[in-house]
file data.pdb (PDB, C-alpha atoms and all ligand atoms)
ATOM      1  CA  MET A  70     -12.456 -12.242 -23.191  1.00  0.00           C
ATOM      2  CA  ALA A  71      -9.436 -14.092 -21.909  1.00  0.00           C
ATOM      3  CA  GLU A  72      -8.480 -16.339 -19.055  1.00  0.00           C
ATOM      4  CA  ILE A  73      -5.370 -14.582 -17.831  1.00  0.00           C
ATOM      5  CA  ASN A  74      -3.592 -14.601 -14.514  1.00  0.00           C
ATOM      6  CA  LEU A  75      -2.875 -10.944 -13.891  1.00  0.00           C
ATOM      7  CA  LEU A  76      -2.417 -11.785 -10.199  1.00  0.00           C
ATOM      8  CA  ASP A  77       0.727 -13.822 -10.817  1.00  0.00           C
ATOM      9  CA  ARG A  78       2.945 -11.279  -9.068  1.00  0.00           C
ATOM     10  CA  LEU A  79       1.230 -11.756  -5.708  1.00  0.00           C
ATOM     11  CA  PRO A  80       3.215 -13.715  -3.117  1.00  0.00           C
ATOM     12  CA  VAL A  81       2.095 -17.320  -2.765  1.00  0.00           C
ATOM     13  CA  THR A  82      -0.151 -17.649   0.308  1.00  0.00           C
ATOM     14  CA  LYS A  83       0.041 -20.904   2.232  1.00  0.00           C
ATOM     15  CA  ARG A  84      -3.497 -22.112   2.956  1.00  0.00           C
ATOM     16  CA  ASP A  85      -4.663 -25.214   4.770  1.00  0.00           C
ATOM     17  CA  PRO A  86      -8.218 -25.950   3.564  1.00  0.00           C
ATOM     18  CA  LEU A  87      -8.438 -29.176   5.584  1.00  0.00           C
ATOM     19  CA  ALA A  88      -7.661 -27.416   8.843  1.00  0.00           C
ATOM     20  CA  ARG A  89     -10.202 -24.718   8.074  1.00  0.00           C
ATOM     21  CA  ALA A  90     -12.871 -27.276   7.161  1.00  0.00           C
ATOM     22  CA  ALA A  91     -12.296 -29.077  10.448  1.00  0.00           C
ATOM     23  CA  GLY A  92     -12.827 -25.922  12.525  1.00  0.00           C
ATOM     24  CA  LYS A  93     -15.313 -23.903  10.471  1.00  0.00           C
ATOM     25  CA  THR A  94     -18.850 -23.434  11.865  1.00  0.00           C
ATOM     26  CA  GLU A  95     -22.018 -21.795  10.539  1.00  0.00           C
ATOM     27  CA  GLU A  96     -21.505 -19.097  13.177  1.00  0.00           C
ATOM     28  CA  ASP A  97     -18.006 -18.376  11.788  1.00  0.00           C
ATOM     29  CA  ARG A  98     -19.505 -17.992   8.314  1.00  0.00           C
ATOM     30  CA  ARG A  99     -22.258 -15.706   9.611  1.00  0.00           C
ATOM     31  CA  ILE A 100     -19.710 -13.453  11.323  1.00  0.00           C
ATOM     32  CA  ALA A 101     -17.372 -13.414   8.304  1.00  0.00           C
ATOM     33  CA  LYS A 102     -20.195 -12.456   5.939  1.00  0.00           C
ATOM     34  CA  GLN A 103     -20.765  -9.208   7.800  1.00  0.00           C
ATOM     35  CA  PHE A 104     -17.446  -7.966   6.358  1.00  0.00           C
ATOM     36  CA  GLY A 105     -16.750  -5.989   9.527  1.00  0.00           C
ATOM     37  CA  ARG A 106     -13.788  -5.828  11.881  1.00  0.00           C
ATOM     38  CA  ASP A 107     -14.004  -9.575  12.565  1.00  0.00           C
ATOM     39  CA  PHE A 108     -13.588 -10.416   8.873  1.00  0.00           C
ATOM     40  CA  PHE A 109     -10.612  -8.135   8.244  1.00  0.00           C
ATOM     41  CA  ASP A 110      -8.818  -7.790  11.559  1.00  0.00           C
ATOM     42  CA  GLY A 111     -10.286 -10.456  13.834  1.00  0.00           C
ATOM     43  CA  GLU A 112      -9.419 -14.106  14.249  1.00  0.00           C
ATOM     44  CA  ARG A 113      -8.313 -16.176  11.257  1.00  0.00           C
ATOM     45  CA  ARG A 114     -11.439 -18.346  11.518  1.00  0.00           C
ATOM     46  CA  HIS A 115     -13.532 -15.250  10.688  1.00  0.00           C
ATOM     47  CA  GLY A 116     -11.486 -14.050   7.718  1.00  0.00           C
ATOM     48  CA  TYR A 117      -8.065 -12.566   7.082  1.00  0.00           C
ATOM     49  CA  GLY A 118      -6.837 -12.558  10.677  1.00  0.00           C
ATOM     50  CA  GLY A 119      -5.230  -9.125  10.099  1.00  0.00           C
ATOM     51  CA  PHE A 120      -5.590  -7.242   6.804  1.00  0.00           C
ATOM     52  CA  ARG A 121      -2.631  -4.881   6.598  1.00  0.00           C
ATOM     53  CA  TYR A 122      -0.920  -2.988   3.808  1.00  0.00           C
ATOM     54  CA  ASP A 123       2.402  -4.599   2.886  1.00  0.00           C
ATOM     55  CA  GLY A 124       2.987  -3.401  -0.674  1.00  0.00           C
ATOM     56  CA  ARG A 125       2.081  -6.722  -2.310  1.00  0.00           C
ATOM     57  CA  TRP A 126      -0.394  -5.065  -4.696  1.00  0.00           C
ATOM     58  CA  LEU A 127       2.177  -2.719  -6.236  1.00  0.00           C
ATOM     59  CA  PRO A 128       3.542  -5.302  -8.738  1.00  0.00           C
ATOM     60  CA  VAL A 129      -0.057  -6.309  -9.497  1.00  0.00           C
ATOM     61  CA  ALA A 130      -1.073  -2.720 -10.212  1.00  0.00           C
ATOM     62  CA  ARG A 131       1.980  -2.383 -12.474  1.00  0.00           C
ATOM     63  CA  ARG A 132       0.988  -5.600 -14.252  1.00  0.00           C
ATOM     64  CA  PHE A 133      -2.516  -4.203 -14.935  1.00  0.00           C
ATOM     65  CA  VAL A 134      -1.138  -0.870 -16.148  1.00  0.00           C
ATOM     66  CA  GLU A 135       1.270  -2.600 -18.518  1.00  0.00           C
ATOM     67  CA  HIS A 136      -1.142  -5.248 -19.758  1.00  0.00           C
ATOM     68  CA  TYR A 137      -3.995  -2.847 -20.499  1.00  0.00           C
ATOM     69  CA  GLN A 138      -1.624  -0.007 -21.492  1.00  0.00           C
ATOM     70  CA  LEU A 139      -3.421   2.431 -19.225  1.00  0.00           C
ATOM     71  CA  GLU A 140      -2.880   6.135 -19.846  1.00  0.00           C
ATOM     72  CA  PRO A 141      -1.656   8.465 -17.056  1.00  0.00           C
ATOM     73  CA  ARG A 142      -5.179   9.817 -16.467  1.00  0.00           C
ATOM     74  CA  ALA A 143      -6.989   6.508 -16.788  1.00  0.00           C
ATOM     75  CA  GLY A 144     -10.214   5.900 -14.887  1.00  0.00           C
ATOM     76  CA  ILE A 145      -9.942   2.792 -12.707  1.00  0.00           C
ATOM     77  CA  LEU A 146     -12.604   1.194 -10.493  1.00  0.00           C
ATOM     78  CA  ASP A 147     -11.989  -1.579  -7.929  1.00  0.00           C
ATOM     79  CA  VAL A 148     -15.219  -3.420  -7.021  1.00  0.00           C
ATOM     80  CA  GLY A 149     -14.683  -5.034  -3.615  1.00  0.00           C
ATOM     81  CA  ALA A 150     -11.892  -2.579  -2.865  1.00  0.00           C
ATOM     82  CA  ALA A 151     -11.695  -3.501   0.850  1.00  0.00           C
ATOM     83  CA  LYS A 152      -9.180  -1.096   2.472  1.00  0.00           C
ATOM     84  CA  GLY A 153      -8.079   0.322  -0.870  1.00  0.00           C
ATOM     85  CA  PHE A 154      -4.628  -1.311  -1.076  1.00  0.00           C
ATOM     86  CA  LEU A 155      -4.792  -1.886  -4.838  1.00  0.00           C
ATOM     87  CA  MET A 156      -6.313   1.569  -5.409  1.00  0.00           C
ATOM     88  CA  HIS A 157      -3.450   3.116  -3.451  1.00  0.00           C
ATOM     89  CA  ASP A 158      -0.884   1.212  -5.510  1.00  0.00           C
ATOM     90  CA  PHE A 159      -2.487   2.186  -8.827  1.00  0.00           C
ATOM     91  CA  LEU A 160      -1.991   5.780  -7.698  1.00  0.00           C
ATOM     92  CA  GLN A 161       1.679   5.099  -6.950  1.00  0.00           C
ATOM     93  CA  ILE A 162       2.151   4.175 -10.591  1.00  0.00           C
ATOM     94  CA  LEU A 163      -0.349   6.569 -12.183  1.00  0.00           C
ATOM     95  CA  PRO A 164      -0.626   9.540  -9.775  1.00  0.00           C
ATOM     96  CA  GLU A 165      -3.024  11.372 -12.104  1.00  0.00           C
ATOM     97  CA  ALA A 166      -5.417   8.444 -12.550  1.00  0.00           C
ATOM     98  CA  GLU A 167      -9.083   8.741 -11.518  1.00  0.00           C
ATOM     99  CA  VAL A 168      -9.221   5.868  -9.068  1.00  0.00           C
ATOM    100  CA  ARG A 169     -12.400   4.799  -7.277  1.00  0.00           C
ATOM    101  CA  GLY A 170     -13.398   1.849  -5.160  1.00  0.00           C
ATOM    102  CA  LEU A 171     -16.681   0.308  -4.122  1.00  0.00           C
ATOM    103  CA  ASP A 172     -17.302  -1.975  -1.168  1.00  0.00           C
ATOM    104  CA  VAL A 173     -20.107  -3.001   1.184  1.00  0.00           C
ATOM    105  CA  SER A 174     -17.841  -2.763   4.212  1.00  0.00           C
ATOM    106  CA  GLU A 175     -18.117   0.394   6.300  1.00  0.00           C
ATOM    107  CA  TYR A 176     -15.289  -0.969   8.439  1.00  0.00           C
ATOM    108  CA  ALA A 177     -12.968  -1.289   5.429  1.00  0.00           C
ATOM    109  CA  LYS A 178     -13.779   2.222   4.191  1.00  0.00           C
ATOM    110  CA  GLU A 179     -13.269   3.710   7.667  1.00  0.00           C
ATOM    111  CA  ASN A 180      -9.964   1.852   8.048  1.00  0.00           C
ATOM    112  CA  ALA A 181      -8.770   2.309   4.492  1.00  0.00           C
ATOM    113  CA  HIS A 182      -5.089   2.761   3.737  1.00  0.00           C
ATOM    114  CA  GLY A 183      -3.413   6.031   2.835  1.00  0.00           C
ATOM    115  CA  GLY A 184      -6.506   8.222   2.481  1.00  0.00           C
ATOM    116  CA  MET A 185      -8.289   5.809   0.114  1.00  0.00           C
ATOM    117  CA  GLY A 186     -11.475   5.906   2.235  1.00  0.00           C
ATOM    118  CA  GLU A 187     -12.455   9.168   0.519  1.00  0.00           C
ATOM    119  CA  LEU A 188     -12.336   7.411  -2.847  1.00  0.00           C
ATOM    120  CA  ILE A 189     -14.365   4.382  -1.736  1.00  0.00           C
ATOM    121  CA  ASN A 190     -18.130   4.380  -2.231  1.00  0.00           C
ATOM    122  CA  LEU A 191     -20.211   2.202   0.052  1.00  0.00           C
ATOM    123  CA  GLY A 192     -22.527  -0.014  -1.953  1.00  0.00           C
ATOM    124  CA  SER A 193     -23.047  -3.415  -3.461  1.00  0.00           C
ATOM    125  CA  ALA A 194     -21.604  -4.654  -6.734  1.00  0.00           C
ATOM    126  CA  GLU A 195     -24.979  -5.308  -8.367  1.00  0.00           C
ATOM    127  CA  LYS A 196     -25.773  -1.579  -8.286  1.00  0.00           C
ATOM    128  CA  LEU A 197     -22.745   0.487  -9.237  1.00  0.00           C
ATOM    129  CA  PRO A 198     -23.319   4.210  -8.638  1.00  0.00           C
ATOM    130  CA  TYR A 199     -21.521   5.364 -11.802  1.00  0.00           C
ATOM    131  CA  PRO A 200     -22.709   6.374 -15.276  1.00  0.00           C
ATOM    132  CA  ASP A 201     -22.215   4.093 -18.285  1.00  0.00           C
ATOM    133  CA  ARG A 202     -18.643   3.897 -19.624  1.00  0.00           C
ATOM    134  CA  SER A 203     -17.089   5.742 -16.657  1.00  0.00           C
ATOM    135  CA  PHE A 204     -13.839   3.741 -16.395  1.00  0.00           C
ATOM    136  CA  ASP A 205     -11.031   2.491 -18.617  1.00  0.00           C
ATOM    137  CA  LEU A 206     -10.520  -0.491 -16.320  1.00  0.00           C
ATOM    138  CA  VAL A 207     -12.867  -2.139 -13.825  1.00  0.00           C
ATOM    139  CA  VAL A 208     -11.300  -4.822 -11.622  1.00  0.00           C
ATOM    140  CA  SER A 209     -12.998  -7.025  -9.071  1.00  0.00           C
ATOM    141  CA  ILE A 210     -10.775  -9.459  -7.218  1.00  0.00           C
ATOM    142  CA  ASN A 211     -12.294 -12.272  -5.161  1.00  0.00           C
ATOM    143  CA  SER A 212     -15.383 -10.207  -4.357  1.00  0.00           C
ATOM    144  CA  ILE A 213     -18.435 -10.738  -6.588  1.00  0.00           C
ATOM    145  CA  HIS A 214     -18.666 -14.457  -5.727  1.00  0.00           C
ATOM    146  CA  ASN A 215     -19.966 -13.181  -2.374  1.00  0.00           C
ATOM    147  CA  LEU A 216     -23.260 -12.419  -4.141  1.00  0.00           C
ATOM    148  CA  LYS A 217     -26.085 -14.884  -4.719  1.00  0.00           C
ATOM    149  CA  LEU A 218     -26.445 -15.956  -8.345  1.00  0.00           C
ATOM    150  CA  ASP A 219     -29.038 -13.388  -9.518  1.00  0.00           C
ATOM    151  CA  ASP A 220     -27.192 -10.482  -7.927  1.00  0.00           C
ATOM    152  CA  LEU A 221     -23.894 -11.802  -9.238  1.00  0.00           C
ATOM    153  CA  LYS A 222     -25.298 -11.808 -12.782  1.00  0.00           C
ATOM    154  CA  GLN A 223     -26.385  -8.220 -12.262  1.00  0.00           C
ATOM    155  CA  ALA A 224     -22.929  -7.322 -10.909  1.00  0.00           C
ATOM    156  CA  LEU A 225     -21.331  -8.694 -14.092  1.00  0.00           C
ATOM    157  CA  ARG A 226     -23.726  -6.615 -16.205  1.00  0.00           C
ATOM    158  CA  GLU A 227     -22.866  -3.577 -14.086  1.00  0.00           C
ATOM    159  CA  ILE A 228     -19.117  -4.090 -14.497  1.00  0.00           C
ATOM    160  CA  GLU A 229     -19.688  -4.346 -18.232  1.00  0.00           C
ATOM    161  CA  ARG A 230     -21.851  -1.190 -18.226  1.00  0.00           C
ATOM    162  CA  VAL A 231     -19.510   1.133 -16.307  1.00  0.00           C
ATOM    163  CA  SER A 232     -16.412   0.118 -18.261  1.00  0.00           C
ATOM    164  CA  ARG A 233     -15.535   1.799 -21.556  1.00  0.00           C
ATOM    165  CA  ALA A 234     -12.671  -0.596 -22.243  1.00  0.00           C
ATOM    166  CA  HIS A 235     -11.167  -3.232 -19.938  1.00  0.00           C
ATOM    167  CA  LYS A 236     -12.564  -5.509 -17.243  1.00  0.00           C
ATOM    168  CA  PHE A 237     -10.881  -8.112 -15.045  1.00  0.00           C
ATOM    169  CA  ILE A 238     -12.452 -10.325 -12.395  1.00  0.00           C
ATOM    170  CA  SER A 239     -11.215 -13.142 -10.195  1.00  0.00           C
ATOM    171  CA  VAL A 240     -13.760 -15.613  -8.785  1.00  0.00           C
ATOM    172  CA  ASP A 241     -13.948 -18.874  -6.812  1.00  0.00           C
ATOM    173  CA  ALA A 242     -13.780 -21.810  -9.203  1.00  0.00           C
ATOM    174  CA  TRP A 243     -12.452 -25.293  -9.847  1.00  0.00           C
ATOM    175  CA  ARG A 244     -11.273 -27.395 -12.761  1.00  0.00           C
ATOM    176  CA  THR A 245     -11.033 -30.781 -11.027  1.00  0.00           C
ATOM    177  CA  GLU A 246     -12.850 -32.627  -8.249  1.00  0.00           C
ATOM    178  CA  GLU A 247      -9.804 -32.220  -6.025  1.00  0.00           C
ATOM    179  CA  GLU A 248      -9.816 -28.440  -6.542  1.00  0.00           C
ATOM    180  CA  LYS A 249     -13.560 -28.390  -5.863  1.00  0.00           C
ATOM    181  CA  GLN A 250     -13.027 -30.137  -2.530  1.00  0.00           C
ATOM    182  CA  ARG A 251     -10.262 -27.715  -1.528  1.00  0.00           C
ATOM    183  CA  LEU A 252     -12.487 -24.771  -2.386  1.00  0.00           C
ATOM    184  CA  MET A 253     -15.449 -26.195  -0.445  1.00  0.00           C
ATOM    185  CA  ASP A 254     -13.204 -26.726   2.554  1.00  0.00           C
ATOM    186  CA  TRP A 255     -11.794 -23.208   2.305  1.00  0.00           C
ATOM    187  CA  ILE A 256     -14.721 -20.897   1.564  1.00  0.00           C
ATOM    188  CA  LEU A 257     -16.220 -18.785   4.328  1.00  0.00           C
ATOM    189  CA  THR A 258     -18.161 -15.998   2.648  1.00  0.00           C
ATOM    190  CA  ALA A 259     -18.776 -17.025  -0.985  1.00  0.00           C
ATOM    191  CA  GLU A 260     -22.324 -17.637  -2.220  1.00  0.00           C
ATOM    192  CA  THR A 261     -21.661 -18.510  -5.877  1.00  0.00           C
ATOM    193  CA  TYR A 262     -18.874 -20.803  -7.064  1.00  0.00           C
ATOM    194  CA  MET A 263     -18.696 -23.241  -9.941  1.00  0.00           C
ATOM    195  CA  HIS A 264     -16.590 -25.120 -12.480  1.00  0.00           C
ATOM    196  CA  VAL A 265     -14.672 -22.828 -14.824  1.00  0.00           C
ATOM    197  CA  ASP A 266     -16.768 -24.067 -17.781  1.00  0.00           C
ATOM    198  CA  ASP A 267     -19.966 -23.025 -15.975  1.00  0.00           C
ATOM    199  CA  TRP A 268     -18.462 -19.598 -15.307  1.00  0.00           C
ATOM    200  CA  HIS A 269     -17.818 -19.212 -19.029  1.00  0.00           C
ATOM    201  CA  ARG A 270     -21.439 -20.175 -19.776  1.00  0.00           C
ATOM    202  CA  LEU A 271     -22.600 -17.587 -17.247  1.00  0.00           C
ATOM    203  CA  PHE A 272     -20.404 -14.876 -18.790  1.00  0.00           C
ATOM    204  CA  ALA A 273     -21.918 -15.618 -22.207  1.00  0.00           C
ATOM    205  CA  GLU A 274     -25.449 -15.532 -20.765  1.00  0.00           C
ATOM    206  CA  VAL A 275     -25.047 -12.082 -19.166  1.00  0.00           C
ATOM    207  CA  GLY A 276     -22.770 -10.625 -21.842  1.00  0.00           C
ATOM    208  CA  TYR A 277     -19.639 -10.220 -19.728  1.00  0.00           C
ATOM    209  CA  THR A 278     -16.761  -9.651 -22.158  1.00  0.00           C
ATOM    210  CA  GLY A 279     -13.905  -8.911 -19.735  1.00  0.00           C
ATOM    211  CA  ASP A 280     -10.997 -11.055 -18.586  1.00  0.00           C
ATOM    212  CA  VAL A 281     -11.057 -13.597 -15.800  1.00  0.00           C
ATOM    213  CA  TRP A 282      -8.846 -15.527 -13.448  1.00  0.00           C
ATOM    214  CA  TRP A 283      -9.716 -18.108 -10.829  1.00  0.00           C
ATOM    215  CA  PHE A 284      -9.359 -18.277  -7.080  1.00  0.00           C
ATOM    216  CA  ILE A 285      -8.478 -21.903  -6.338  1.00  0.00           C
ATOM    217  CA  PRO A 286      -7.010 -22.348  -2.823  1.00  0.00           C
TER     218      PRO A 286
HETATM  219  C1  LIG B 301     -11.975 -11.544  -0.078  1.00  0.00           C
HETATM  220  S1  LIG B 301     -12.179  -9.791   0.076  1.00  0.00           S
HETATM  221  C2  LIG B 301     -11.188  -9.225  -1.315  1.00  0.00           C
HETATM  222  C3  LIG B 301     -10.699  -7.815  -1.114  1.00  0.00           C
HETATM  223  C4  LIG B 301      -9.736  -7.324  -2.198  1.00  0.00           C
HETATM  224  N1  LIG B 301     -10.381  -7.232  -3.493  1.00  0.00           N
HETATM  225  C5  LIG B 301      -8.534  -8.231  -2.262  1.00  0.00           C
HETATM  226  O1  LIG B 301      -8.412  -9.011  -3.220  1.00  0.00           O
HETATM  227  O2  LIG B 301      -7.714  -8.181  -1.334  1.00  0.00           O
HETATM  228  C6  LIG B 301     -13.842  -9.557  -0.491  1.00  0.00           C
HETATM  229  C7  LIG B 301     -14.282  -8.094  -0.478  1.00  0.00           C
HETATM  230  O3  LIG B 301     -15.569  -8.005  -1.102  1.00  0.00           O
HETATM  231  C8  LIG B 301     -16.362  -7.110  -0.347  1.00  0.00           C
HETATM  232  N2  LIG B 301     -17.764  -7.405  -0.656  1.00  0.00           N
HETATM  233  C9  LIG B 301     -18.526  -8.396  -0.166  1.00  0.00           C
HETATM  234  N3  LIG B 301     -19.759  -8.354  -0.687  1.00  0.00           N
HETATM  235  C10 LIG B 301     -19.765  -7.323  -1.568  1.00  0.00           C
HETATM  236  C11 LIG B 301     -20.747  -6.762  -2.414  1.00  0.00           C
HETATM  237  N4  LIG B 301     -21.991  -7.264  -2.468  1.00  0.00           N
HETATM  238  N5  LIG B 301     -20.418  -5.691  -3.165  1.00  0.00           N
HETATM  239  C12 LIG B 301     -19.166  -5.165  -3.105  1.00  0.00           C
HETATM  240  N6  LIG B 301     -18.188  -5.645  -2.306  1.00  0.00           N
HETATM  241  C13 LIG B 301     -18.486  -6.713  -1.546  1.00  0.00           C
HETATM  242  C14 LIG B 301     -15.924  -7.356   1.079  1.00  0.00           C
HETATM  243  O4  LIG B 301     -16.281  -6.335   1.962  1.00  0.00           O
HETATM  244  C15 LIG B 301     -14.419  -7.498   0.909  1.00  0.00           C
HETATM  245  O5  LIG B 301     -13.788  -6.247   0.940  1.00  0.00           O
END
call {"tool": "encode", "arguments": {"input": "data.pdb", "output": "structure tokens", "more": "lines below"}}
Ligand SMILES: C[S@@+](CC[C@H](N)C(=O)[O-])C[C@H]1O[C@@H](n2cnc3c(N)ncnc32)[C@H](O)[C@@H]1O
result
Amino acid sequence: MAEINLLDRLPVTKRDPLARAAGKTEEDRRIAKQFGRDFFDGERRHGYGGFRYDGRWLPVARRFVEHYQLEPRAGILDVGAAKGFLMHDFLQILPEAEVRGLDVSEYAKENAHGGMGELINLGSAEKLPYPDRSFDLVVSINSIHNLKLDDLKQALREIERVSRAHKFISVDAWRTEEEKQRLMDWILTAETYMHVDDWHRLFAEVGYTGDVWWFIP
């Protein structure tokens, strides 16, 4: 496995963890964790404050295709696909690919972009409804840290199981005390977050062999 930033073509998002920490309540977290309209398209204190397609995932999809040298008919799964933006952009680059998404959010599936709702399965990452070795690439970006530790371990095993080749995840993490504080101030929905060294220990424990990058606000 490798630590590799395959998200480096995303625009830099300006975040203010201190301001969020000052305003954030338990009620905000409860609402955000439902992953409904409030989380995606409600107020900023409940999540994205408007989750709209703007093409930013196209360079990321291209980066994945190039890095993993995906074939035109590759099978690709996005765990935590939300409204299917990345799925849609994979299909821009590889129109014959077998793209699927999985998400717990009915709202995101119903409001998915460009017909992606049909390709999104409702479900939770610790129980992927696909046979072993179904996909050439399984990605999960900023999603599985929303699971509690035991379910997160199972989600990692599931990602490993349904992939026949490549895996890439991005999860909440820190390297320094300052980064830890910023993350604590920022997080709304995450249940499992830790130092990057602890993540590596966890990957070894569950047998996750894919690549990883870190969400550090
Ligand atoms: C921060 S968003 C990230 C969405 C997308 N991957 C991205 O990077 O823009 C987290 C996503 O994880 C989904 N999610 C939360 N819990 C989940 C679970 N147990 N299984 C699968 N998806 C989950 C949410 O509905 C949401 O779409």
call {"tool": "residues_near_ligand", "arguments": {"input": "data.pdb", "ligand": "ligand LIG 301 (chain B)", "cutoff": "7 Å", "atoms": "only C-alpha atoms and all ligand atoms", "output": "count of residues only"}}
result
21
call {"tool": "atom_distance", "arguments": {"input": "data.pdb", "atom1": "atom CA of Leu271 of chain A", "atom2": "atom CA of Ile73 of chain A"}}
result
17.5 Å
call {"tool": "closest_residue", "arguments": {"input": "data.pdb", "among": "A:Gly279, A:Gly92, A:Pro286, A:Gly116", "to": "Gln250 of chain A", "atoms": "all atoms listed in the file"}}
result
A:Pro286
call {"tool": "resolve_selection", "arguments": {"input": "data.pdb", "expression": "the PyMOL selection byres (((chain A and resi 227) around 8) and not hetatm)", "output": "compact mmCIF listing (two decimals) with C-alpha atoms, in the frame of the given file"}}
result
# COMPACT_ATOMS: atom_id res chain seq x y z
CA ALA A 194 -21.60 -4.65 -6.73
CA GLU A 195 -24.98 -5.31 -8.37
CA LYS A 196 -25.77 -1.58 -8.29
CA LEU A 197 -22.74 0.49 -9.24
CA GLN A 223 -26.38 -8.22 -12.26
CA ALA A 224 -22.93 -7.32 -10.91
CA LEU A 225 -21.33 -8.69 -14.09
CA ARG A 226 -23.73 -6.62 -16.20
CA ILE A 228 -19.12 -4.09 -14.50
CA GLU A 229 -19.69 -4.35 -18.23
CA ARG A 230 -21.85 -1.19 -18.23
CA VAL A 231 -19.51 1.13 -16.31
call {"tool": "closest_residue", "arguments": {"input": "data.pdb", "among": "A:Leu163, A:Leu221, A:Ala101, A:Val207", "to": "Leu146 of chain A", "atoms": "all atoms listed in the file"}}
result
A:Val207
call {"tool": "closest_residue", "arguments": {"input": "data.pdb", "among": "A:Glu165, A:Asp85, A:Glu187, A:Asp201", "to": "Arg113 of chain A", "atoms": "only C-alpha atoms"}}
result
A:Asp85
call {"tool": "closest_residue", "arguments": {"input": "data.pdb", "among": "A:Ala71, A:Met263, A:Ala90, A:Leu218", "to": "Trp243 of chain A", "atoms": "only C-alpha atoms"}}
result
A:Met263
call {"tool": "residues_around", "arguments": {"input": "data.pdb", "residues": "Ala91 of chain A", "least_positions_apart": "4", "cutoff": "10 Å", "atoms": "all atoms listed in the file", "output": "ChimeraX atom specification"}}
result
/A:86-87,254
call {"tool": "residues_around", "arguments": {"input": "data.pdb", "residues": "Ala166 of chain A", "least_positions_apart": "4", "cutoff": "10 Å", "atoms": "all atoms listed in the file", "output": "list of chain:residue names"}}
result
A:Leu139, A:Glu140, A:Pro141, A:Arg142, A:Ala143, A:Gly144, A:Ile145, A:Met156, A:Phe159, A:Leu160, A:Gln161, A:Ile162
call {"tool": "write_last_selection", "arguments": {"input": "data.pdb", "atoms": "C-alpha atoms", "output": "mmCIF file, in the frame of the given file"}}
result
data_model
loop_
_atom_site.group_PDB
_atom_site.id
_atom_site.type_symbol
_atom_site.label_atom_id
_atom_site.label_comp_id
_atom_site.auth_asym_id
_atom_site.auth_seq_id
_atom_site.Cartn_x
_atom_site.Cartn_y
_atom_site.Cartn_z
ATOM 1 C CA LEU A 139 -3.421 2.431 -19.225
ATOM 2 C CA GLU A 140 -2.880 6.135 -19.846
ATOM 3 C CA PRO A 141 -1.656 8.465 -17.056
ATOM 4 C CA ARG A 142 -5.179 9.817 -16.467
ATOM 5 C CA ALA A 143 -6.989 6.508 -16.788
ATOM 6 C CA GLY A 144 -10.214 5.900 -14.887
ATOM 7 C CA ILE A 145 -9.942 2.792 -12.707
ATOM 8 C CA MET A 156 -6.313 1.569 -5.409
ATOM 9 C CA PHE A 159 -2.487 2.186 -8.827
ATOM 10 C CA LEU A 160 -1.991 5.780 -7.698
ATOM 11 C CA GLN A 161 1.679 5.099 -6.950
ATOM 12 C CA ILE A 162 2.151 4.175 -10.591
#
call {"tool": "atom_distance", "arguments": {"input": "data.pdb", "atom1": "atom CA of Glu167 of chain A", "atom2": "atom CA of Pro80 of chain A"}}
result
26.9 Å
call {"tool": "resolve_selection", "arguments": {"input": "data.pdb", "expression": "the PyMOL selection byres (((chain A and resi 268) around 12) and not hetatm)", "output": "VMD selection string"}}
result
chain A and resid 72 214 218 221 to 222 225 238 to 244 261 to 267 269 to 277 280 to 283
call {"tool": "atom_distance", "arguments": {"input": "data.pdb", "atom1": "atom CA of His115 of chain A", "atom2": "atom CA of Asp97 of chain A"}}
result
5.6 Å
call {"tool": "closest_residue", "arguments": {"input": "data.pdb", "among": "A:Tyr137, A:Phe204, A:Trp126, A:Tyr117", "to": "Val168 of chain A", "atoms": "all atoms listed in the file"}}
result
A:Phe204
call {"tool": "residues_near_point", "arguments": {"input": "data.pdb", "point": "(-15.6, -15.8, 4.1)", "cutoff": "8 Å", "atoms": "all atoms listed in the file", "output": "ChimeraX atom specification"}}
result
/A:98,101-102,108,115-116,256-259
call {"tool": "residues_around", "arguments": {"input": "data.pdb", "residues": "Ile189 of chain A", "least_positions_apart": "5", "cutoff": "7 Å", "atoms": "only C-alpha atoms", "output": "PyMOL selection string"}}
result
chain A and resi 169-171+178
call {"tool": "residues_around", "arguments": {"input": "data.pdb", "residues": "Asp123 of chain A", "least_positions_apart": "4", "cutoff": "12 Å", "atoms": "only C-alpha atoms", "output": "list of chain:residue names"}}
result
A:Leu79, A:Pro80, A:Gly119, A:Leu127, A:Pro128, A:Phe154, A:Leu155, A:His157, A:Asp158, A:His182
